[in-house]
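**Student:** Structure file query19.cif (mmCIF, C-alpha atoms and all ligand atoms) is given on the next line.
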data_input
loop_
_atom_site.label_atom_id
_atom_site.label_comp_id
_atom_site.auth_asym_id
_atom_site.auth_seq_id
_atom_site.Cartn_x
_atom_site.Cartn_y
_atom_site.Cartn_z
CA THR A 1 6.03 -64.38 111.32
CA GLY A 2 3.36 -64.95 108.65
CA LEU A 3 3.76 -66.02 105.06
CA VAL A 4 6.63 -64.53 103.06
CA THR A 5 6.91 -64.59 99.27
CA LEU A 6 10.27 -65.16 97.64
CA ASP A 7 10.88 -62.74 94.76
CA PRO A 8 14.61 -62.47 93.94
CA GLY A 9 15.37 -59.18 92.20
CA PHE A 10 11.86 -57.86 93.03
CA VAL A 11 10.56 -58.97 89.64
CA ASN A 12 6.94 -58.82 90.80
CA THR A 13 7.01 -56.91 94.04
CA ALA A 14 6.10 -53.23 94.21
CA ALA A 15 7.78 -51.57 97.19
CA CYS A 16 5.87 -48.28 97.00
CA SER A 17 3.26 -46.36 95.07
CA SER A 18 4.53 -43.36 93.13
CA GLN A 19 3.20 -40.46 91.07
CA ILE A 20 6.46 -39.61 89.34
CA THR A 21 7.13 -41.84 86.33
CA TYR A 22 4.96 -44.13 84.25
CA ILE A 23 6.44 -46.96 82.18
CA ASP A 24 4.60 -49.41 79.95
CA GLY A 25 7.38 -51.82 79.08
CA ASP A 26 5.41 -53.79 76.49
CA ALA A 27 4.31 -50.72 74.57
CA GLY A 28 7.62 -48.86 75.03
CA ILE A 29 6.03 -45.87 76.78
CA LEU A 30 7.79 -43.57 79.25
CA ARG A 31 6.24 -40.48 80.84
CA TYR A 32 7.44 -38.11 83.56
CA ARG A 33 4.51 -36.80 85.61
CA GLY A 34 2.25 -37.70 82.67
CA TYR A 35 4.30 -35.99 79.94
CA PRO A 36 5.64 -38.29 77.17
CA ILE A 37 9.43 -38.50 77.13
CA GLU A 38 9.50 -37.66 73.42
CA GLN A 39 7.82 -34.27 74.04
CA LEU A 40 10.10 -33.44 76.95
CA ALA A 41 13.24 -34.46 75.03
CA GLU A 42 12.23 -32.32 72.04
CA GLN A 43 10.76 -29.26 73.72
CA SER A 44 11.88 -28.96 77.33
CA ASN A 45 15.27 -28.60 79.01
CA PHE A 46 17.02 -30.38 81.86
CA ILE A 47 16.39 -27.69 84.51
CA GLU A 48 12.69 -27.57 83.68
CA VAL A 49 12.43 -31.38 83.71
CA SER A 50 14.20 -31.43 87.08
CA TYR A 51 11.60 -29.02 88.42
CA LEU A 52 8.79 -31.10 86.93
CA LEU A 53 10.05 -34.33 88.48
CA ILE A 54 10.72 -32.81 91.89
CA TYR A 55 7.67 -30.55 92.25
CA GLY A 56 5.15 -32.45 90.10
CA GLU A 57 4.15 -29.65 87.68
CA LEU A 58 5.79 -27.73 84.87
CA PRO A 59 7.01 -24.41 86.31
CA THR A 60 5.69 -21.01 85.33
CA ARG A 61 8.27 -18.63 83.80
CA THR A 62 8.84 -17.02 87.22
CA GLN A 63 9.15 -20.36 89.01
CA LEU A 64 11.58 -21.61 86.38
CA ASP A 65 13.76 -18.48 86.49
CA ASP A 66 13.80 -18.53 90.27
CA PHE A 67 14.74 -22.25 90.35
CA ALA A 68 17.51 -21.80 87.75
CA GLN A 69 18.88 -18.76 89.54
CA LYS A 70 18.98 -20.52 92.91
CA ILE A 71 20.84 -23.43 91.35
CA SER A 72 23.39 -21.14 89.72
CA ARG A 73 24.01 -19.44 93.09
CA HIS A 74 25.03 -22.73 94.72
CA THR A 75 27.47 -24.15 92.17
CA LEU A 76 30.65 -23.38 94.15
CA LEU A 77 32.20 -26.06 96.30
CA HIS A 78 33.54 -25.21 99.74
CA GLU A 79 37.30 -24.69 99.44
CA ASP A 80 37.88 -27.48 101.95
CA LEU A 81 35.78 -29.84 99.88
CA LYS A 82 37.95 -28.95 96.90
CA ARG A 83 40.98 -30.22 98.79
CA PHE A 84 39.15 -33.51 99.36
CA PHE A 85 40.00 -34.43 95.75
CA ASP A 86 43.73 -34.41 96.56
CA GLY A 87 43.29 -37.48 98.74
CA PHE A 88 42.39 -39.77 95.85
CA PRO A 89 44.92 -41.48 93.61
CA ARG A 90 45.32 -39.77 90.25
CA ASP A 91 43.89 -42.79 88.40
CA ALA A 92 40.79 -43.04 90.62
CA HIS A 93 37.57 -43.91 88.80
CA PRO A 94 35.41 -40.78 88.99
CA MET A 95 32.26 -42.64 90.19
CA PRO A 96 33.53 -43.49 93.70
CA VAL A 97 35.03 -39.99 93.84
CA LEU A 98 31.57 -38.60 93.04
CA SER A 99 29.77 -40.69 95.65
CA SER A 100 32.40 -39.89 98.30
CA ALA A 101 32.16 -36.15 97.68
CA VAL A 102 28.35 -36.25 97.80
CA SER A 103 28.50 -38.20 101.04
CA ALA A 104 30.90 -35.56 102.39
CA LEU A 105 28.32 -32.81 101.71
CA SER A 106 26.59 -33.94 104.92
CA THR A 107 29.65 -32.78 106.86
CA PHE A 108 29.76 -29.37 105.18
CA TYR A 109 26.01 -28.78 105.48
CA GLN A 110 25.03 -30.24 108.81
CA ASP A 111 21.65 -28.51 108.52
CA SER A 112 20.89 -31.32 106.04
CA LEU A 113 20.58 -33.74 108.95
CA THR A 114 16.97 -32.67 109.58
CA PRO A 115 15.18 -34.46 106.74
CA PHE A 116 11.67 -33.42 107.81
CA ASP A 117 12.23 -29.68 107.57
CA ASP A 118 10.74 -28.66 104.20
CA SER A 119 12.80 -25.52 103.65
CA GLN A 120 15.95 -27.44 104.54
CA VAL A 121 15.08 -30.20 102.07
CA ASP A 122 14.57 -27.54 99.38
CA LEU A 123 17.98 -26.13 100.17
CA SER A 124 19.66 -29.56 100.04
CA THR A 125 17.86 -30.18 96.73
CA ILE A 126 19.27 -26.98 95.23
CA ARG A 127 22.72 -27.63 96.63
CA LEU A 128 22.84 -31.09 95.10
CA LEU A 129 21.56 -30.03 91.69
CA ALA A 130 24.07 -27.17 91.66
CA LYS A 131 27.11 -28.95 93.03
CA LEU A 132 27.00 -32.37 91.38
CA PRO A 133 28.17 -31.03 87.98
CA THR A 134 30.99 -29.13 89.72
CA ILE A 135 32.03 -32.25 91.65
CA ALA A 136 31.88 -34.30 88.44
CA ALA A 137 34.03 -31.80 86.54
CA TYR A 138 36.59 -31.75 89.38
CA ALA A 139 36.71 -35.56 89.43
CA TYR A 140 37.58 -35.35 85.74
CA LYS A 141 40.14 -32.55 86.11
CA LYS A 142 41.84 -34.47 88.91
CA SER A 143 42.12 -37.58 86.70
CA VAL A 144 43.89 -35.66 83.93
CA GLY A 145 46.03 -33.52 86.25
CA GLN A 146 44.53 -30.21 85.14
CA PRO A 147 43.57 -27.22 87.31
CA PHE A 148 40.02 -26.90 88.61
CA LEU A 149 37.88 -24.12 87.18
CA TYR A 150 35.47 -22.18 89.32
CA PRO A 151 31.92 -22.22 87.95
CA ASP A 152 30.91 -19.31 85.74
CA ASN A 153 27.37 -18.55 86.80
CA SER A 154 26.59 -16.52 83.73
CA LEU A 155 26.33 -19.90 81.98
CA GLY A 156 23.53 -22.45 82.16
CA LEU A 157 24.00 -25.71 84.05
CA VAL A 158 25.10 -27.83 81.08
CA GLU A 159 27.29 -25.10 79.52
CA ASN A 160 28.92 -24.50 82.89
CA PHE A 161 29.59 -28.20 83.33
CA LEU A 162 31.17 -28.45 79.86
CA ARG A 163 33.35 -25.43 80.55
CA MET A 164 34.48 -26.72 83.97
CA THR A 165 35.27 -30.09 82.37
CA PHE A 166 37.00 -29.09 79.16
CA GLY A 167 38.05 -25.47 79.76
CA PHE A 168 41.33 -23.99 81.06
CA PRO A 169 41.69 -21.08 83.50
CA ALA A 170 43.68 -18.86 81.17
CA GLU A 171 41.64 -19.42 78.02
CA PRO A 172 38.13 -18.49 77.03
CA TYR A 173 35.98 -21.56 76.47
CA HIS A 174 33.42 -21.53 73.70
CA VAL A 175 30.58 -23.89 74.42
CA ASP A 176 29.58 -25.79 71.31
CA PRO A 177 25.78 -25.33 71.13
CA VAL A 178 25.25 -28.69 69.36
CA MET A 179 27.11 -30.45 72.13
CA ALA A 180 25.34 -28.54 74.91
CA LYS A 181 21.92 -29.22 73.42
CA ALA A 182 22.67 -32.93 72.96
CA LEU A 183 24.01 -33.30 76.51
CA ASP A 184 21.00 -31.46 77.93
CA GLN A 185 18.73 -33.87 76.05
CA LEU A 186 20.66 -36.90 77.29
CA PHE A 187 20.27 -35.64 80.87
CA ILE A 188 16.49 -35.34 80.29
CA LEU A 189 16.34 -38.91 78.99
CA HIS A 190 18.17 -40.20 82.06
CA ALA A 191 16.34 -38.06 84.60
CA ASP A 192 14.04 -40.73 86.01
CA HIS A 193 13.08 -44.33 85.47
CA GLU A 194 10.93 -45.24 88.47
CA GLN A 195 12.15 -48.07 90.74
CA ASN A 196 15.44 -48.99 89.06
CA CYS A 197 18.32 -50.31 91.20
CA SER A 198 19.81 -46.92 92.16
CA THR A 199 16.46 -45.22 92.82
CA SER A 200 15.31 -48.15 94.95
CA THR A 201 18.61 -47.82 96.80
CA VAL A 202 18.00 -44.11 97.42
CA ARG A 203 14.54 -44.97 98.76
CA LEU A 204 15.78 -47.84 100.90
CA VAL A 205 18.56 -45.80 102.49
CA GLY A 206 16.23 -42.81 102.89
CA SER A 207 13.57 -44.98 104.51
CA SER A 208 15.81 -45.15 107.58
CA GLN A 209 15.46 -41.32 107.58
CA ALA A 210 19.03 -40.88 106.40
CA ASN A 211 19.42 -37.41 104.85
CA LEU A 212 19.30 -36.58 101.16
CA PHE A 213 23.09 -36.48 100.64
CA ALA A 214 23.67 -39.88 102.27
CA SER A 215 20.82 -41.44 100.28
CA ILE A 216 21.97 -40.00 96.93
CA SER A 217 25.55 -41.06 97.60
CA ALA A 218 24.27 -44.63 98.02
CA GLY A 219 22.33 -44.28 94.75
CA ILE A 220 25.50 -43.22 92.92
CA ASN A 221 27.26 -46.35 94.18
CA ALA A 222 24.38 -48.52 92.95
CA LEU A 223 24.55 -46.84 89.56
CA PHE A 224 28.28 -47.66 89.29
CA GLY A 225 27.63 -51.36 88.49
CA PRO A 226 27.94 -52.56 84.87
CA LEU A 227 24.42 -54.05 84.84
CA HIS A 228 23.04 -50.59 85.65
CA GLY A 229 24.64 -47.21 84.84
CA GLY A 230 28.04 -48.76 84.25
CA ALA A 231 26.58 -50.32 81.09
CA ASN A 232 27.32 -47.20 79.01
CA GLN A 233 31.05 -47.65 79.70
CA ALA A 234 30.76 -51.41 79.11
CA VAL A 235 29.02 -50.86 75.73
CA LEU A 236 31.83 -48.68 74.45
CA GLU A 237 34.47 -51.14 75.63
CA MET A 238 32.51 -53.90 73.88
CA LEU A 239 32.36 -51.91 70.60
CA GLU A 240 36.07 -51.12 70.81
CA GLY A 241 36.77 -54.83 71.34
CA ILE A 242 34.75 -55.74 68.25
CA GLU A 243 36.59 -53.07 66.24
CA ARG A 244 39.97 -54.42 67.41
CA ASP A 245 38.90 -57.90 66.28
CA GLY A 246 38.19 -56.60 62.77
CA GLY A 247 34.59 -55.44 63.19
CA ASP A 248 33.00 -58.89 62.94
CA VAL A 249 29.61 -58.60 64.67
CA ASP A 250 28.52 -62.14 63.72
CA THR A 251 31.29 -63.74 65.77
CA PHE A 252 30.47 -61.50 68.70
CA VAL A 253 26.75 -62.33 68.61
CA ARG A 254 27.60 -66.04 68.44
CA LYS A 255 29.75 -65.67 71.57
CA VAL A 256 26.87 -63.98 73.37
CA LYS A 257 24.44 -66.73 72.36
CA ASN A 258 26.87 -69.47 73.43
CA ARG A 259 27.35 -67.59 76.71
CA GLU A 260 31.11 -67.69 76.19
CA ALA A 261 32.96 -66.35 79.22
CA GLY A 262 29.86 -64.55 80.41
CA VAL A 263 29.76 -62.26 77.36
CA LYS A 264 26.52 -60.27 77.21
CA LEU A 265 25.41 -57.89 74.56
CA MET A 266 25.85 -54.79 76.69
CA GLY A 267 23.26 -52.08 76.11
CA PHE A 268 20.64 -54.69 75.26
CA GLY A 269 17.82 -55.98 77.44
CA HIS A 270 15.85 -54.41 80.22
CA ARG A 271 13.88 -55.62 83.22
CA VAL A 272 10.83 -53.59 82.25
CA TYR A 273 11.06 -52.90 78.50
CA LYS A 274 10.15 -55.89 76.39
CA ASN A 275 10.06 -53.59 73.38
CA TYR A 276 12.35 -50.89 71.96
CA ASP A 277 13.39 -48.58 74.82
CA PRO A 278 11.80 -45.23 73.84
CA ARG A 279 14.88 -43.43 75.14
CA ALA A 280 17.14 -45.49 72.85
CA ALA A 281 15.02 -44.48 69.84
CA ILE A 282 15.56 -40.77 70.60
CA ILE A 283 19.25 -41.27 71.38
CA LYS A 284 19.87 -43.15 68.14
CA LYS A 285 18.63 -40.10 66.25
CA THR A 286 20.81 -37.78 68.35
CA ALA A 287 23.80 -40.07 67.74
CA ASP A 288 23.36 -39.61 64.00
CA GLU A 289 23.09 -35.83 64.32
CA VAL A 290 25.91 -35.32 66.82
CA LEU A 291 28.31 -37.77 65.30
CA GLY A 292 27.64 -36.24 61.92
CA LYS A 293 28.65 -32.83 63.32
CA LEU A 294 31.42 -33.81 65.71
CA GLY A 295 33.11 -36.32 63.45
CA ASP A 296 32.16 -39.50 61.69
CA ASP A 297 32.49 -42.66 63.66
CA GLN A 298 33.55 -46.22 62.88
CA LEU A 299 32.08 -47.41 66.14
CA LEU A 300 28.62 -46.02 65.30
CA GLU A 301 28.66 -48.11 62.18
CA ILE A 302 29.61 -51.22 64.20
CA ALA A 303 26.88 -50.42 66.74
CA LYS A 304 24.26 -50.17 64.02
CA ARG A 305 25.34 -53.43 62.42
CA LEU A 306 25.35 -55.11 65.81
CA GLU A 307 21.84 -53.84 66.57
CA GLU A 308 20.52 -54.98 63.22
CA ARG A 309 22.13 -58.39 63.60
CA ALA A 310 20.75 -58.88 67.12
CA LEU A 311 17.24 -57.67 66.32
CA GLY A 312 17.04 -60.27 63.55
CA ASP A 313 18.26 -63.14 65.70
CA ASP A 314 15.96 -65.68 67.39
CA TYR A 315 17.90 -65.59 70.65
CA PHE A 316 17.14 -61.89 71.09
CA ILE A 317 13.63 -62.08 69.58
CA GLU A 318 12.53 -64.89 71.91
CA ARG A 319 13.85 -63.08 74.96
CA LYS A 320 12.50 -59.70 73.82
CA LEU A 321 15.91 -58.07 74.06
CA TYR A 322 16.08 -54.61 72.48
CA PRO A 323 18.61 -51.78 72.71
CA ASN A 324 18.28 -49.88 75.99
CA VAL A 325 19.20 -46.31 76.90
CA ASP A 326 22.88 -47.16 77.17
CA PHE A 327 23.43 -48.66 73.73
CA TYR A 328 24.13 -45.40 71.88
CA THR A 329 24.93 -42.93 74.68
CA GLY A 330 28.59 -43.90 75.01
CA LEU A 331 29.21 -43.12 71.35
CA ILE A 332 27.84 -39.62 71.79
CA TYR A 333 29.79 -39.00 75.01
CA ARG A 334 32.95 -40.19 73.28
CA ALA A 335 32.37 -37.87 70.32
CA MET A 336 31.98 -35.03 72.81
CA GLY A 337 35.44 -35.79 74.19
CA PHE A 338 34.55 -37.51 77.47
CA PRO A 339 36.81 -40.39 78.47
CA THR A 340 35.01 -43.72 78.91
CA ARG A 341 35.25 -43.53 82.69
CA MET A 342 33.16 -40.36 82.78
CA PHE A 343 30.17 -41.95 81.04
CA THR A 344 28.50 -43.27 84.19
CA VAL A 345 29.16 -39.94 85.92
CA LEU A 346 27.12 -38.28 83.17
CA PHE A 347 24.33 -40.75 83.84
CA ALA A 348 24.47 -39.78 87.53
CA ILE A 349 24.12 -36.07 86.75
CA GLY A 350 21.10 -36.89 84.60
CA ARG A 351 19.48 -39.22 87.15
CA LEU A 352 19.92 -36.85 90.10
CA PRO A 353 16.53 -35.06 89.86
CA GLY A 354 14.76 -38.44 89.73
CA TRP A 355 16.55 -39.67 92.85
CA ILE A 356 15.70 -36.43 94.65
CA ALA A 357 12.05 -36.60 93.56
CA HIS A 358 11.73 -40.17 94.86
CA TRP A 359 13.43 -39.41 98.15
CA ARG A 360 11.10 -36.47 98.71
CA GLU A 361 8.00 -38.40 97.68
CA MET A 362 8.92 -41.20 100.05
CA MET A 363 9.54 -38.88 103.01
CA LYS A 364 6.10 -37.29 102.50
CA ASP A 365 4.23 -40.54 102.00
CA PRO A 366 2.37 -41.57 105.17
CA ALA A 367 2.57 -45.20 103.99
CA THR A 368 6.39 -45.18 104.13
CA LYS A 369 7.97 -47.63 106.53
CA ILE A 370 11.62 -48.46 106.92
CA GLY A 371 12.60 -50.76 104.03
CA ARG A 372 13.20 -54.14 105.53
CA PRO A 373 12.77 -57.10 103.15
CA ARG A 374 12.09 -60.55 104.53
CA GLN A 375 14.00 -63.68 103.53
CA VAL A 376 13.51 -67.40 103.15
CA TYR A 377 16.06 -69.05 105.41
CA VAL A 378 17.71 -72.10 103.79
CA GLY A 379 20.71 -72.57 106.11
CA PRO A 380 21.34 -75.41 108.62
CA GLY A 381 18.87 -76.26 111.38
CA GLU A 382 19.93 -75.98 115.03
CA ARG A 383 23.45 -77.29 115.71
CA THR A 384 25.46 -77.72 118.91
CA TYR A 385 28.61 -75.62 119.26
CA VAL A 386 31.89 -77.59 119.15
CA PRO A 387 34.98 -75.96 120.80
CA VAL A 388 37.85 -75.28 118.39
CA THR A 389 40.07 -77.91 120.11
CA GLU A 390 37.55 -80.61 119.22
CA ARG A 391 36.97 -79.64 115.55
N1 LIG B 401 22.80 -60.19 76.29
C1 LIG B 401 22.54 -61.51 76.19
N2 LIG B 401 21.56 -62.14 76.85
C2 LIG B 401 20.80 -61.39 77.65
C3 LIG B 401 21.00 -60.00 77.80
C4 LIG B 401 22.04 -59.41 77.08
N3 LIG B 401 22.28 -58.10 77.17
N4 LIG B 401 20.08 -59.52 78.65
C5 LIG B 401 19.32 -60.56 79.03
N5 LIG B 401 19.74 -61.69 78.42
C6 LIG B 401 19.12 -63.03 78.52
C7 LIG B 401 19.43 -63.64 79.87
O1 LIG B 401 20.62 -64.40 79.82
C8 LIG B 401 18.21 -64.49 80.08
O2 LIG B 401 18.31 -65.63 79.26
P1 LIG B 401 17.80 -67.07 79.81
O3 LIG B 401 16.35 -66.88 80.15
O4 LIG B 401 18.04 -68.00 78.66
O5 LIG B 401 18.64 -67.37 81.00
C9 LIG B 401 17.09 -63.65 79.52
O6 LIG B 401 17.72 -62.85 78.51
C10 LIG B 401 16.36 -62.77 80.53
O7 LIG B 401 17.32 -61.89 81.12
P2 LIG B 401 17.52 -61.60 82.67
O8 LIG B 401 18.97 -61.46 82.99
O9 LIG B 401 16.73 -62.61 83.47
O10 LIG B 401 16.78 -60.20 82.76
P3 LIG B 401 16.87 -59.15 83.95
O11 LIG B 401 15.62 -58.40 83.91
O12 LIG B 401 17.26 -59.82 85.23
O13 LIG B 401 18.12 -58.23 83.54
C11 LIG B 401 19.41 -56.52 82.51
C12 LIG B 401 17.99 -57.03 82.89
C13 LIG B 401 19.32 -55.11 81.96
C14 LIG B 401 20.31 -56.51 83.77
C15 LIG B 401 20.01 -57.48 81.44
O14 LIG B 401 19.23 -57.43 80.27
C16 LIG B 401 21.46 -57.15 81.13
O15 LIG B 401 22.35 -57.62 81.84
N6 LIG B 401 21.75 -56.35 80.06
C17 LIG B 401 23.09 -55.91 79.76
C18 LIG B 401 23.51 -54.78 80.69
C19 LIG B 401 22.82 -53.48 80.35
O16 LIG B 401 22.76 -53.07 79.19
N7 LIG B 401 22.34 -52.78 81.38
C20 LIG B 401 21.70 -51.47 81.22
C21 LIG B 401 20.22 -51.55 81.53
S1 LIG B 401 19.32 -50.08 81.08
C22 LIG B 401 19.98 -48.76 81.96
C23 LIG B 401 20.24 -49.01 83.41
O17 LIG B 401 19.50 -49.71 84.09
O18 LIG B 401 21.20 -48.44 83.89
#
Could you take the file, read its structure, and then write that structure out as structure tokens?
**Tutor:**
Amino acid sequence: TGLVTLDPGFVNTAACSSQITYIDGDAGILRYRGYPIEQLAEQSNFIEVSYLLIYGELPTRTQLDDFAQKISRHTLLHEDLKRFFDGFPRDAHPMPVLSSAVSALSTFYQDSLTPFDDSQVDLSTIRLLAKLPTIAAYAYKKSVGQPFLYPDNSLGLVENFLRMTFGFPAEPYHVDPVMAKALDQLFILHADHEQNCSTSTVRLVGSSQANLFASISAGINALFGPLHGGANQAVLEMLEGIERDGGDVDTFVRKVKNREAGVKLMGFGHRVYKNYDPRAAIIKKTADEVLGKLGDDQLLEIAKRLEERALGDDYFIERKLYPNVDFYTGLIYRAMGFPTRMFTVLFAIGRLPGWIAHWREMMKDPATKIGRPRQVYVGPGERTYVPVTER
């Protein structure tokens, strides 16, 4: 069987080559298709970044308008899929609802089961980009017992999502432009991050030639975990805990260092960044702006003190632990009115174009083989079976 190398967590093993995202973790650099994240966050928008990630180039005006228009034409969910939401308990976490509904798209669009047909893949791409925000808004509406709102396709993707989430059928909903702009920027910052756990999952599932919907549904489930996308929810719960205990960050940091009851400083540390996460730097600025406009925040103050305390502490310095993308996002989402459980759903909406881009790149890559890691067997040697009566 040849020599196998043991690399738990794939710390050193590249599973593919990719042209999508470049990260230099020591220098704190992130680029999508060569464009620095700072420029995209400042000057682009989520739809354009989605196009860039998926098709490799910035779109022309016509390409961008055409892409945006196609997406807005596919935002409706099939009425039968709408009823799907009734089957979940009222207090269901929206992440498994999201992954289940995305998985169910394969049953509504059985044309998606031909993953090598380019025009079909384009259609599945558009359907996903268009429908995920609708599904996410319905998962939210279900959890608060409010009626679903049909999409209003005169609005942009982010505005439409905000309206479907926070609006009511009988009332006009005025989208707050500060909120819409901030959410659009957060989606850009989450849009891709090369071979993270969920993207690798999308690739692994897709390598069996499973269709786009099945692969993305698996990615959403991978993102659910608190060490990955679930960290944004965990950070906010951590900050609330510190606030409840009187806002003492020193005691909390001591607990983390003593590894008391598995307490980690959530929103800190990253497999690749051994420097300040460039996304966190942008988000920290947005947090100041948005929280200034949408209401001052005690928790932001705790977060800043916690960051300062950790960055000055040997434990974190030695291990090169810096704030990651999730450290400040939860505070912004909370100020926007999202309940904690929706935070990871927002991450999923942002990450979707990255997952799609990777799935498509993999399917086109002649070097792709089914993902099938090897193992180092450490179990018992050969043993002789003993019948149950003699055990
Ligand atoms: N708090 C306290 N100690 C930490 C933390 C933390 N947040 N992160 C890492 N460490 C310690 C870890 O205990 C280890 O110490 P030692 O060498 O003494 O055993 C050392 O730092 C190296 O960490 P690791 O766990 O080997 O690193 P990893 O690359 O396997 O894990 C990570 C990366 C992001 C899972 C981890 O840093 C972590 O659990 N952070 C908290 C959760 C979090 O914020 N996740 C979001 C990541 S960014 C967005 C995303 O991926 O969704």
**Student:** Box along x, y and z, 4 Å on every side, all listed atoms of region 1-19 of chain A inside: centre and edge lengths in Å to one decimal, as lines of an AutoDock Vina configuration file.
**Tutor:**
center_x = 9.3
center_y = -53.2
center_z = 100.5
size_x = 20.2
size_y = 33.6
size_z = 29.7
**Student:** Give me, as a list in words, the set of residues whose atoms come within 6 Å of any atom of ligand LIG 401 (chain B), counting all atoms listed in the file.
**Tutor:** Leu227, His228, Gly229, Ala231, Val256, Lys264, Leu265, Met266, Gly267, Phe268, Gly269, His270, Arg271, Arg319, Asn324, Val325 and Asp326 of chain A
**Student:** At a cut-off of 12 Å from (14.3, -28.0, 78.8) in the coordinates of the file, what residues are picked up using all atoms listed in the file, written as a PDB file with C-alpha atoms, keeping the file's coordinate frame?
**Tutor:**
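The resulting file, part.pdb, is reproduced below:
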ATOM      1  CA  ILE A  37       9.430 -38.500  77.130  1.00  0.00           C
ATOM      2  CA  GLN A  39       7.820 -34.270  74.040  1.00  0.00           C
ATOM      3  CA  LEU A  40      10.100 -33.440  76.950  1.00  0.00           C
ATOM      4  CA  ALA A  41      13.240 -34.460  75.030  1.00  0.00           C
ATOM      5  CA  GLU A  42      12.230 -32.320  72.040  1.00  0.00           C
ATOM      6  CA  GLN A  43      10.760 -29.260  73.720  1.00  0.00           C
ATOM      7  CA  SER A  44      11.880 -28.960  77.330  1.00  0.00           C
ATOM      8  CA  ASN A  45      15.270 -28.600  79.010  1.00  0.00           C
ATOM      9  CA  PHE A  46      17.020 -30.380  81.860  1.00  0.00           C
ATOM     10  CA  ILE A  47      16.390 -27.690  84.510  1.00  0.00           C
ATOM     11  CA  GLU A  48      12.690 -27.570  83.680  1.00  0.00           C
ATOM     12  CA  VAL A  49      12.430 -31.380  83.710  1.00  0.00           C
ATOM     13  CA  SER A  50      14.200 -31.430  87.080  1.00  0.00           C
ATOM     14  CA  TYR A  51      11.600 -29.020  88.420  1.00  0.00           C
ATOM     15  CA  LEU A  52       8.790 -31.100  86.930  1.00  0.00           C
ATOM     16  CA  LEU A  58       5.790 -27.730  84.870  1.00  0.00           C
ATOM     17  CA  PRO A  59       7.010 -24.410  86.310  1.00  0.00           C
ATOM     18  CA  LEU A  64      11.580 -21.610  86.380  1.00  0.00           C
ATOM     19  CA  ALA A  68      17.510 -21.800  87.750  1.00  0.00           C
ATOM     20  CA  GLY A 156      23.530 -22.450  82.160  1.00  0.00           C
ATOM     21  CA  LEU A 157      24.000 -25.710  84.050  1.00  0.00           C
ATOM     22  CA  VAL A 158      25.100 -27.830  81.080  1.00  0.00           C
ATOM     23  CA  ALA A 180      25.340 -28.540  74.910  1.00  0.00           C
ATOM     24  CA  LYS A 181      21.920 -29.220  73.420  1.00  0.00           C
ATOM     25  CA  ALA A 182      22.670 -32.930  72.960  1.00  0.00           C
ATOM     26  CA  LEU A 183      24.010 -33.300  76.510  1.00  0.00           C
ATOM     27  CA  ASP A 184      21.000 -31.460  77.930  1.00  0.00           C
ATOM     28  CA  GLN A 185      18.730 -33.870  76.050  1.00  0.00           C
ATOM     29  CA  LEU A 186      20.660 -36.900  77.290  1.00  0.00           C
ATOM     30  CA  PHE A 187      20.270 -35.640  80.870  1.00  0.00           C
ATOM     31  CA  ILE A 188      16.490 -35.340  80.290  1.00  0.00           C
ATOM     32  CA  LEU A 189      16.340 -38.910  78.990  1.00  0.00           C
ATOM     33  CA  ALA A 191      16.340 -38.060  84.600  1.00  0.00           C
TER      34      ALA A 191
END
**Student:** As an exercise, work out the distance from CA of Leu204 (chain A) to CA of Trp359 (chain A) in Å and give it to one decimal place.
**Tutor:**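 Distance reported for this atom pair: 9.2 Å.
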**Student:** Please return as a compact mmCIF listing (two decimals) with C-alpha atoms, in the coordinates of the input every residue within 12 Å of (20.3, -39.4, 105.4), taking into account all atoms listed in the file and the file's own coordinates.
**Tutor:**
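For reference, out-v6.txt as written:
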# COMPACT_ATOMS: atom_id res chain seq x y z
CA VAL A 102 28.35 -36.25 97.80
CA SER A 103 28.50 -38.20 101.04
CA ALA A 104 30.90 -35.56 102.39
CA LEU A 105 28.32 -32.81 101.71
CA SER A 106 26.59 -33.94 104.92
CA THR A 107 29.65 -32.78 106.86
CA GLN A 110 25.03 -30.24 108.81
CA ASP A 111 21.65 -28.51 108.52
CA SER A 112 20.89 -31.32 106.04
CA LEU A 113 20.58 -33.74 108.95
CA THR A 114 16.97 -32.67 109.58
CA PRO A 115 15.18 -34.46 106.74
CA PHE A 116 11.67 -33.42 107.81
CA VAL A 121 15.08 -30.20 102.07
CA SER A 124 19.66 -29.56 100.04
CA VAL A 202 18.00 -44.11 97.42
CA ARG A 203 14.54 -44.97 98.76
CA LEU A 204 15.78 -47.84 100.90
CA VAL A 205 18.56 -45.80 102.49
CA GLY A 206 16.23 -42.81 102.89
CA SER A 207 13.57 -44.98 104.51
CA SER A 208 15.81 -45.15 107.58
CA GLN A 209 15.46 -41.32 107.58
CA ALA A 210 19.03 -40.88 106.40
CA ASN A 211 19.42 -37.41 104.85
CA LEU A 212 19.30 -36.58 101.16
CA PHE A 213 23.09 -36.48 100.64
CA ALA A 214 23.67 -39.88 102.27
CA SER A 215 20.82 -41.44 100.28
CA ILE A 216 21.97 -40.00 96.93
CA SER A 217 25.55 -41.06 97.60
CA ALA A 218 24.27 -44.63 98.02
CA GLY A 219 22.33 -44.28 94.75
CA TRP A 359 13.43 -39.41 98.15
CA ARG A 360 11.10 -36.47 98.71
CA MET A 363 9.54 -38.88 103.01
**Student:** From the list A:Ala303, A:Ala287, A:Met362, A:Val235, which residue is nearest Ala335 (chain A) when using all atoms listed in the file?
**Tutor:**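 Looking at the shortest contact to Ala335 (chain A), the residue is A:Ala287.
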**Student:** Quick one, how far is CA of Asn221 (chain A) from CA of Phe327 (chain A)?
**Tutor:**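 Computing it gives 20.9 Å between the two atoms.
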